[in-house]
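Undergrad: The following file, data_5.cif, comprises mmCIF, C-alpha atoms:
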```
data_final
#
loop_
_atom_site.label_atom_id
_atom_site.label_comp_id
_atom_site.auth_asym_id
_atom_site.auth_seq_id
_atom_site.Cartn_x
_atom_site.Cartn_y
_atom_site.Cartn_z
CA MET O 1 55.29 13.84 27.72
CA ALA O 2 58.13 13.06 25.36
CA GLY O 3 59.31 15.66 22.86
CA SER O 4 58.02 13.72 19.85
CA ASP O 5 54.63 13.31 21.53
CA LYS O 6 54.46 17.05 22.16
CA GLY O 7 55.33 17.72 18.54
CA ALA O 8 52.51 15.44 17.39
CA VAL O 9 50.02 17.13 19.74
CA VAL O 10 51.07 20.60 18.56
CA ALA O 11 50.70 19.47 14.93
CA GLU O 12 47.23 18.07 15.61
CA ILE O 13 46.04 21.21 17.41
CA ARG O 14 47.55 23.43 14.70
CA GLN O 15 45.68 21.41 12.08
CA ARG O 16 42.42 21.87 14.03
CA PHE O 17 42.99 25.65 14.19
CA GLU O 18 43.69 25.75 10.45
CA ALA O 19 40.61 23.66 9.59
CA SER O 20 38.30 25.68 11.85
CA ASN O 21 36.53 28.91 11.03
CA ALA O 22 36.22 29.66 14.76
CA ALA O 23 37.50 28.43 18.10
CA VAL O 24 36.12 29.04 21.59
CA VAL O 25 38.38 28.71 24.64
CA THR O 26 36.72 27.59 27.88
CA ALA O 27 37.59 26.65 31.44
CA TYR O 28 36.08 23.36 32.53
CA THR O 29 37.28 22.85 36.13
CA GLY O 30 34.61 21.06 38.12
CA LEU O 31 32.87 19.36 35.20
CA THR O 32 32.56 15.61 35.37
CA VAL O 33 33.45 13.29 32.52
CA ALA O 34 29.73 12.71 31.97
CA GLN O 35 29.10 16.47 31.73
CA LEU O 36 31.94 16.86 29.22
CA LYS O 37 30.42 14.05 27.18
CA GLU O 38 27.04 15.80 27.33
CA LEU O 39 28.66 19.07 26.22
CA ARG O 40 30.33 17.39 23.26
CA ARG O 41 26.97 15.92 22.28
CA ALA O 42 25.29 19.33 22.63
CA LEU O 43 27.82 20.92 20.29
CA GLY O 44 27.05 18.29 17.67
CA GLU O 45 28.91 17.83 14.44
CA ASN O 46 29.73 21.55 14.12
CA ALA O 47 32.53 21.45 16.67
CA GLN O 48 35.12 19.27 18.33
CA TYR O 49 35.64 20.01 22.01
CA ARG O 50 39.12 19.14 23.19
CA VAL O 51 40.89 19.50 26.53
CA THR O 52 44.33 20.92 25.77
CA LYS O 53 47.58 21.84 27.46
CA ASN O 54 48.04 25.61 27.53
CA THR O 55 51.66 25.76 26.37
CA LEU O 56 51.12 23.35 23.48
CA THR O 57 47.94 25.13 22.42
CA LYS O 58 49.70 28.52 22.43
CA ILE O 59 52.44 27.12 20.21
CA ALA O 60 49.92 25.50 17.86
CA ALA O 61 47.82 28.67 17.63
CA ASN O 62 50.87 30.78 16.82
CA GLU O 63 52.02 28.27 14.19
CA ALA O 64 48.53 28.36 12.65
CA GLY O 65 48.63 32.15 12.51
CA VAL O 66 45.93 32.59 15.16
CA SER O 67 46.69 35.49 17.47
CA GLY O 68 44.99 37.12 20.42
CA LEU O 69 44.27 33.95 22.39
CA ASP O 70 47.35 33.76 24.64
CA GLU O 71 45.61 35.53 27.53
CA PHE O 72 42.95 32.77 27.65
CA PHE O 73 45.42 29.92 28.11
CA LYS O 74 45.58 29.95 31.91
CA GLY O 75 44.19 27.30 34.23
CA SER O 76 42.17 24.40 32.91
CA THR O 77 41.58 24.91 29.22
CA ALA O 78 39.48 23.24 26.58
CA VAL O 79 38.90 24.48 23.07
CA ALA O 80 35.84 24.05 20.87
CA PHE O 81 37.13 23.95 17.29
CA VAL O 82 34.22 25.06 15.09
CA THR O 83 33.91 23.80 11.54
CA GLY O 84 30.23 24.58 11.04
CA ASP O 85 28.03 27.49 12.05
CA PRO O 86 29.77 29.34 14.91
CA VAL O 87 26.45 30.77 16.11
CA ASN O 88 25.08 27.30 16.91
CA VAL O 89 28.25 26.35 18.79
CA ALA O 90 28.24 29.62 20.74
CA LYS O 91 24.59 28.97 21.67
CA GLY O 92 25.41 25.43 22.75
CA LEU O 93 28.27 26.61 24.96
CA ARG O 94 26.25 29.50 26.40
CA ASP O 95 23.25 27.28 27.20
CA PHE O 96 25.45 24.58 28.72
CA ALA O 97 27.27 27.18 30.84
CA LYS O 98 23.91 28.44 32.16
CA GLU O 99 23.04 24.95 33.38
CA ASN O 100 26.61 24.12 34.47
CA PRO O 101 28.35 27.17 35.96
CA ALA O 102 31.64 25.24 36.09
CA LEU O 103 31.99 25.83 32.34
CA VAL O 104 33.36 29.32 31.78
CA ILE O 105 33.71 30.83 28.33
CA LYS O 106 37.03 32.68 28.27
CA GLY O 107 37.06 33.95 24.68
CA GLY O 108 37.86 32.80 21.22
CA VAL O 109 38.57 33.64 17.64
CA LEU O 110 36.20 33.97 14.67
CA GLU O 111 37.69 33.98 11.18
CA GLY O 112 40.98 35.33 12.53
CA LYS O 113 39.44 38.02 14.77
CA PRO O 114 39.93 37.57 18.54
CA LEU O 115 36.73 37.68 20.62
CA ASN O 116 36.27 38.10 24.35
CA ALA O 117 33.65 36.20 26.38
CA GLU O 118 31.02 38.96 25.99
CA GLU O 119 31.41 38.89 22.21
CA ILE O 120 30.97 35.11 22.20
CA VAL O 121 27.71 35.55 24.13
CA LYS O 122 26.59 38.23 21.65
CA LEU O 123 27.38 35.79 18.85
CA ALA O 124 25.19 33.23 20.61
CA ASP O 125 22.33 35.75 20.67
CA LEU O 126 22.32 35.91 16.86
CA GLU O 127 19.98 33.73 14.89
CA SER O 128 21.47 30.76 13.10
CA ARG O 129 22.70 31.00 9.54
CA GLU O 130 19.71 29.00 8.25
CA VAL O 131 17.20 31.33 9.94
CA LEU O 132 18.97 34.44 8.63
CA LEU O 133 19.09 33.00 5.11
CA SER O 134 15.40 32.11 5.19
CA LYS O 135 14.53 35.63 6.39
CA LEU O 136 16.67 37.08 3.61
CA ALA O 137 14.97 34.85 1.04
CA GLY O 138 11.53 35.85 2.36
CA GLY O 139 12.46 39.52 2.20
CA MET O 140 13.77 39.14 -1.33
CA LYS O 141 10.63 37.29 -2.40
CA ALA O 142 8.44 40.05 -0.95
CA SER O 143 10.54 42.72 -2.67
CA MET O 144 10.29 40.90 -5.97
CA ALA O 145 6.52 40.55 -5.65
CA LYS O 146 6.25 44.26 -4.87
CA ALA O 147 8.43 45.12 -7.87
CA ALA O 148 6.36 42.88 -10.13
CA ALA O 149 3.17 44.57 -8.94
CA THR O 150 4.74 48.00 -9.52
CA PHE O 151 5.78 47.08 -13.06
CA GLN O 152 2.42 45.51 -13.78
CA ALA O 153 0.38 48.49 -12.52
CA PRO O 154 0.85 50.76 -15.60
CA LEU O 155 0.08 47.88 -17.93
CA THR O 156 -3.07 47.03 -15.96
CA LYS O 157 -4.12 50.68 -16.00
CA PHE O 158 -3.58 50.87 -19.76
CA VAL O 159 -5.64 47.71 -20.33
CA ARG O 160 -8.49 49.08 -18.16
CA THR O 161 -8.43 52.40 -20.02
CA ALA O 162 -8.45 50.64 -23.40
CA ASP O 163 -11.34 48.41 -22.29
CA ALA O 164 -13.32 51.42 -21.06
CA LEU O 165 -12.72 53.26 -24.33
CA ARG O 166 -13.74 50.21 -26.37
CA ASP O 167 -16.90 49.78 -24.28
CA LYS O 168 -17.77 53.43 -24.84
CA VAL O 169 -17.27 53.10 -28.61
CA GLU O 170 -19.36 49.90 -28.72
CA GLN O 171 -22.24 51.55 -26.81
CA GLY O 172 -22.50 54.18 -29.48
CA GLY O 173 -20.84 56.92 -27.54
CA ALA O 174 -18.16 57.36 -30.13
CA GLY O 175 -17.64 60.91 -28.98
CA ALA O 176 -13.93 60.60 -28.42
CA PRO O 177 -12.99 59.34 -31.90
CA ALA O 178 -15.53 61.63 -33.58
CA ALA O 179 -14.14 64.63 -31.75
CA ALA O 180 -10.70 63.63 -32.95
CA GLU O 181 -11.97 63.48 -36.59
CA SER O 182 -13.77 66.83 -36.40
CA ALA O 183 -10.61 68.50 -35.15
CA GLU O 184 -8.86 67.57 -38.41
#
```
Spell out the structure here as structure tokens.

TA:
Amino acid sequence: MAGSDKGAVVAEIRQRFEASNAAVVTAYTGLTVAQLKELRRALGENAQYRVTKNTLTKIAANEAGVSGLDEFFKGSTAVAFVTGDPVNVAKGLRDFAKENPALVIKGGVLEGKPLNAEEIVKLADLESREVLLSKLAGGMKASMAKAAATFQAPLTKFVRTADALRDKVEQGGAGAPAAAESAE
């Protein structure tokens, strides 16, 4: 590869690192072109899966300010550059690796923090952002309903007490107001 071509590749990979909120480094030896195509489809629009040269990727990562990945750039290497929800991409890689043992997750980086393979799998075990947000919204709605009921309870109790007192006065049992007048 000519020097100018290498420079262009480094610039492209650096740009992908900078535009990504996460990147997952994998080994792909033994996967067919069809399997790689299937993997790219499984990752969807949240990630771009790219086979890279180790030396050029190291240089690009360092230029992008991404550290802690150098140990993963050995052997056949491909990187999933994540621009969407990293949990969905981690799940896609984990599930694909279960069906295709030739894909090995080496490690990655999430928002500047290096992750090993076990941490990527733990990330895959999390629920997606949408599910977590919906659970949070449901919890907040339940808390708000509980708070509204708590604030409404004294008012409801006061209204019931006032109604009971009015009913008592209307039935001729005006003992409470009369007792108040006789005390004066």

Undergrad: Once the PyMOL selection byres ((chain O and resi 25) around 10) is applied to the coordinates I shared, what remains selected? I want it as a list in words.

TA: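 Going through the file, the PyMOL selection byres ((chain O and resi 25) around 10) ends up selecting Ala23, Val24, Thr26, Ala27, Tyr28, Tyr49, Arg50, Val51, Thr52, Leu69, Phe72, Phe73, Thr77, Ala78, Val79, Ala80, Phe81, Val104, Ile105, Lys106, Gly107, Gly108, Val109, Leu115, Asn116 and Ala117 of chain O.
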
Undergrad: So what does the PyMOL selection byres ((chain O and resi 86-89) around 8) actually pick up in this one, as a list in words?

TA: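 With the shown file as input, the PyMOL selection byres ((chain O and resi 86-89) around 8) matches Asn21, Ala22, Leu43, Asn46, Ala47, Val82, Thr83, Gly84, Asp85, Ala90, Lys91, Gly92, Leu93, Leu110, Leu123, Ala124, Asp125, Leu126, Glu127, Ser128 and Arg129 of chain O.
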
Undergrad: O:Arg41, O:Thr29, O:Gly112, O:Val169: which is nearest Lys74 (chain O), counting only C-alpha atoms?

TA: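 Of the candidates, the smallest distance to Lys74 (chain O) is held by O:Thr29.
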
Undergrad: Which value, in Å to one decimal, gives the distance between CA of Lys122 (chain O) and CA of Gly138 (chain O)?

TA: 24.6 Å

Undergrad: Tell me, in Å to one decimal, how far CA of Lys58 (chain O) is from CA of Ser76 (chain O).

TA: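 Distance between the two atoms: 13.5 Å.
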
Undergrad: Which of these, O:Thr32, O:Thr156, O:Ser67, O:Ser20, has the shortest distance to Pro114 (chain O) once you count all atoms listed in the file?

TA: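 Ranking O:Thr32, O:Thr156, O:Ser67, O:Ser20 by distance to Pro114 (chain O), first place goes to O:Ser67.
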
Undergrad: Quick one: distance from CA of Ile59 (chain O) to CA of Val10 (chain O) in Å, one decimal?

TA: 6.9 Å

Undergrad: Each side padded by 6 Å, which centre and which edge lengths in Å (one decimal) define the axis-aligned box around the listed atoms of region 82-87 of chain O? Give them as JSON.

TA:
```
{"center_x": 30.3, "center_y": 27.3, "center_z": 13.6, "size_x": 19.8, "size_y": 19.0, "size_z": 17.1}
```

Undergrad: Pick the closest to Glu12 (chain O) from O:Leu56, O:Gln171, O:Glu38, O:Val33: which is it, counting only C-alpha atoms?

TA: O:Leu56

Undergrad: Identify, on the basis of only C-alpha atoms, every residue whose closest approach to Leu31 (chain O) does not exceed 9 Å; exclude the query and any residue fewer than 4 positions from it along the same chain; express the result as a PDB file with C-alpha atoms, keeping the file's coordinate frame.

TA:
```
ATOM      1  CA  GLN O  35      29.100  16.470  31.730  1.00  0.00           C
ATOM      2  CA  LEU O  36      31.940  16.860  29.220  1.00  0.00           C
ATOM      3  CA  ASN O 100      26.610  24.120  34.470  1.00  0.00           C
ATOM      4  CA  ALA O 102      31.640  25.240  36.090  1.00  0.00           C
ATOM      5  CA  LEU O 103      31.990  25.830  32.340  1.00  0.00           C
TER       6      LEU O 103
END
```

Undergrad: Using only C-alpha atoms, which of O:Pro101, O:Asp70, O:Gly65, O:Asp95 sits nearest Gly30 (chain O)?

TA: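 For Gly30 (chain O), the nearest of the given residues is O:Pro101.
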
Undergrad: My list of candidates is O:Asp163, O:Glu63, O:Ala42, O:Lys157. Which is closest to Ala97 (chain O) when distances are computed with only C-alpha atoms?

TA: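 Comparing O:Asp163, O:Glu63, O:Ala42, O:Lys157 against Ala97 (chain O), the winner is O:Ala42.
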